[in-house]
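Peer 1: Below is a structure I'd like to ask you about.
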Amino acid sequence: MRLFIFLICTIMMHQFTLVAQTTHGANDRFRGVWEFGKAGETDKVHAVLHVAGVQNHILYPAKLTIHVNEYSSTSYLLLAKKSIRQLAIGSQRNIISETPFGAGNKMQQFNGVFDLSADRSGGGFLTINRLRYGQVKLKNQKKEKTDPKHISTANILFNFLENDALRFAKISDSAWDEPEVLDILHSPYSGFYYGKRDTFGVKSLTGVTKFSGKHSGIVSASINGRTIFDHAYARDKRVVNEIKLDTGANLIALFVEEYGKKPSQTVQMDIDFYTHQTALHFADKKDENATFILLPITYFGPIDTATPKLNNLKLMMEQMVQNRETIYYYPDPDGEQLSVNEEVQKTLLREATVVGNMTATSREVLLGLWDDAVEDGDSISLNINGTWVVQGMPVLKRPQFISVKLNAGVNKIIFIADNQGSIIPNTSMLEIIDERQRKSYKINTDFHQNNLINILYELPPPKNSP
C-alpha cells in the first residue's frame, strides 16, 4: 500500500513539475523535437514534429515531417496554446512528395489538439486528439496506379492519419529555428494563411463578445493567453463576455471544442468595441476544418472618452506628452528643416504605389505608425509635400505619432524604406486620425518602391459667406 501511494505521489509530482515548467519561457516543455516511430522501418510511419519557442503569449510555429516507404511530406503548422497542457493545431501549408499518389494529391487540413503528459521518469509526450471533422485523407487521383506497394503505403498512411491517439516522444529541447518560423508568425502578410486574421484596430480598451446566428458548436476563447470563456455553447445567445485589452498588440484566440452539424455552423462570435465591430466564424473555406481562429487586435492609444464619436486631437496629444511619447510635427513648430544628403533625396525618385486616398475633415491629422507583426529592425523616412519630416525612424510594436497640419488641396505623404529589416519587405501599419474619422492602411515598401497616401483637405467657407 505504501509503495502504491509512493508511486502515485511520484507521478503527481512529475506531472506538477511538467505543468509548472510550461509557464516559463526558459523551461518551455512544448518547444523542441518530438518523434513518432523510428526512421528507416519498412511499412511503418516515422514522423517528426519540430516546435519553435513561444511567441505572442500562445503561438508556436511548427514543422511536421512524415515518412512511410517512398512517401514523404512536410507540413508547416501554427500551434496555439489552449492551456498549460494543450496545443491546438491550426491551418497548414504542405509540401508533398510525388509518391505514392503523384503531385496532384495533397493532405487535407490536419487539425486537433496535442496534449502534453509525462511518464514516471519525467519524459515528455505529446498525444494528438482529433476533432470530428477535418480528418486527414489522401485520395488516389491516378486510378491507373494499382501497384500493391502503393496501396500498402496508402493504407499505412491513412491509418496513421486517422489515429486519434498518436504519441510523440520528446527527443530534444532545441527550439525549431528556420526561416519558415517568421513566415508563419507573419501570417497572413507573408502570403500564407495559418488561421491568423488581419489586424483589427480599435480605439477602446474594453469590448464584449457574444454569439449570434443559428449555430450549435462548443467553443472556448482567450485573449493574450487569458481565458474569456471555456466550453461555451454557441446556441446560448445570452452569453456576453467583457474583454479588456492591453495597450498595443493583443491576440484573441477562438478554439473549437466540438463542431456543430457542419464546421460552417459551429459558431459566430461577434466582437464589439463600440465604434469598431467584427466577427469570427468557421464558414470561410480556409477555416472550415480549423481548430482555431486568431484575431490580432491593436489599441491605438488615448481617445476622447467624453465624446467617443469625435476624436479630440488636442487632448490626445496632451496625453501623449504626459506619457512621454515622441510626437513628430509637420510643419516643424521650431521651423527647423532636416538636413538631407543627395542619396536620401534620390529615394524620392523610386516608383510610388498609392495605398490610400482620403478626404480629411480637419486641417490637423494624426498619423500613427507601428509594426503589427514581429519587430524586426525596419526603419522608414517620411516626406510630406516635399518636406522631410522624419528620417530613419524605427518601426516599433508600439505606435509612434506624427502631427500633420495639412495644406489646402491634395497633400502627398510618401513612405520610404531606409532598410528592409530582418524580414523583407519593410512592412508596417498606419492609422490616420482626424477629428471625425480613423482610417487604417498597410504600408509595404522596399528599395524599389515607396508608398503614397493622398489626403485632400478643403478649406471651410468663410463664416460670412452666403
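Going by the C-alpha cells order, chains are called A, B, ..., each with residues numbered from 1, while ligands are numbered from 1 in the order shown.
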I'd like the neighbourhood of Leu366 in chain A as a list in words, where a residue qualifies if any of its atoms comes within 6 Å (using only C-alpha atoms), though same-chain residues fewer than 2 positions away should be ignored.

Peer 2: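 Once the nearby chain positions are removed, what remains is Ile402, Ser403, Ile432 and Ile433 of chain A.
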
Peer 1: For Lys412 in chain A, please output as a PyMOL selection string all residues within 6 Å (counting only C-alpha atoms; exclusion window: fewer than 3 positions along the same chain).

Peer 2: chain A and resi 384-385+454

Peer 1: Can you tell me, as a list in words, what residues are no more than 7 Å from Leu280 in chain A when counting only C-alpha atoms, ignoring any on the same chain fewer than 3 positions away?

Peer 2: Gln268, Met269 and Asp270 of chain A

Peer 1: Any idea what's packed within 10 Å of Tyr330 in chain A, counting only C-alpha atoms, ignoring anything in its chain fewer than 5 positions away? Could you give it as number ranges by chain?

Peer 2: A: 335, 364, 383-385, 387-390, 402-406

Peer 1: Sort by chain and increasing residue number a table of all residues of range 252-315 of chain A within 10 Å of range 77-84 of chain A, each with its closest pair of atoms and their distance in Å to one decimal, counting only C-alpha atoms, and write it as CSV.

Peer 2:
```
residue,atom,partner,partner_atom,distance
A:Ala253,CA,A:Ala80,CA,8.1
A:Leu254,CA,A:Lys82,CA,9.5
A:Phe255,CA,A:Lys82,CA,7.8
A:Thr291,CA,A:Ala80,CA,9.3
A:Phe292,CA,A:Ala80,CA,8.0
A:Ile293,CA,A:Ala80,CA,9.5
A:Leu294,CA,A:Ala80,CA,8.9
```

Peer 1: For those residues, write N, CA and C atoms to a file as an mmCIF file, in the first residue's frame.

Peer 2:
```cif
data_model
loop_
_atom_site.group_PDB
_atom_site.id
_atom_site.type_symbol
_atom_site.label_atom_id
_atom_site.label_comp_id
_atom_site.auth_asym_id
_atom_site.auth_seq_id
_atom_site.Cartn_x
_atom_site.Cartn_y
_atom_site.Cartn_z
ATOM 1 N N ALA A 253 -7.952 34.359 -29.384
ATOM 2 C CA ALA A 253 -7.962 33.017 -29.970
ATOM 3 C C ALA A 253 -9.329 32.382 -29.712
ATOM 4 N N LEU A 254 -9.980 31.915 -30.779
ATOM 5 C CA LEU A 254 -11.261 31.217 -30.680
ATOM 6 C C LEU A 254 -11.029 29.747 -31.032
ATOM 7 N N PHE A 255 -11.243 28.854 -30.072
ATOM 8 C CA PHE A 255 -10.957 27.425 -30.233
ATOM 9 C C PHE A 255 -12.249 26.627 -30.409
ATOM 10 N N THR A 291 -8.965 24.207 -36.133
ATOM 11 C CA THR A 291 -9.168 24.060 -34.691
ATOM 12 C C THR A 291 -9.334 25.412 -34.020
ATOM 13 N N PHE A 292 -8.815 26.454 -34.643
ATOM 14 C CA PHE A 292 -8.920 27.785 -34.040
ATOM 15 C C PHE A 292 -8.802 28.868 -35.101
ATOM 16 N N ILE A 293 -9.218 30.076 -34.716
ATOM 17 C CA ILE A 293 -9.009 31.292 -35.496
ATOM 18 C C ILE A 293 -8.382 32.323 -34.558
ATOM 19 N N LEU A 294 -7.409 33.062 -35.072
ATOM 20 C CA LEU A 294 -6.724 34.082 -34.285
ATOM 21 C C LEU A 294 -7.053 35.464 -34.832
#
```
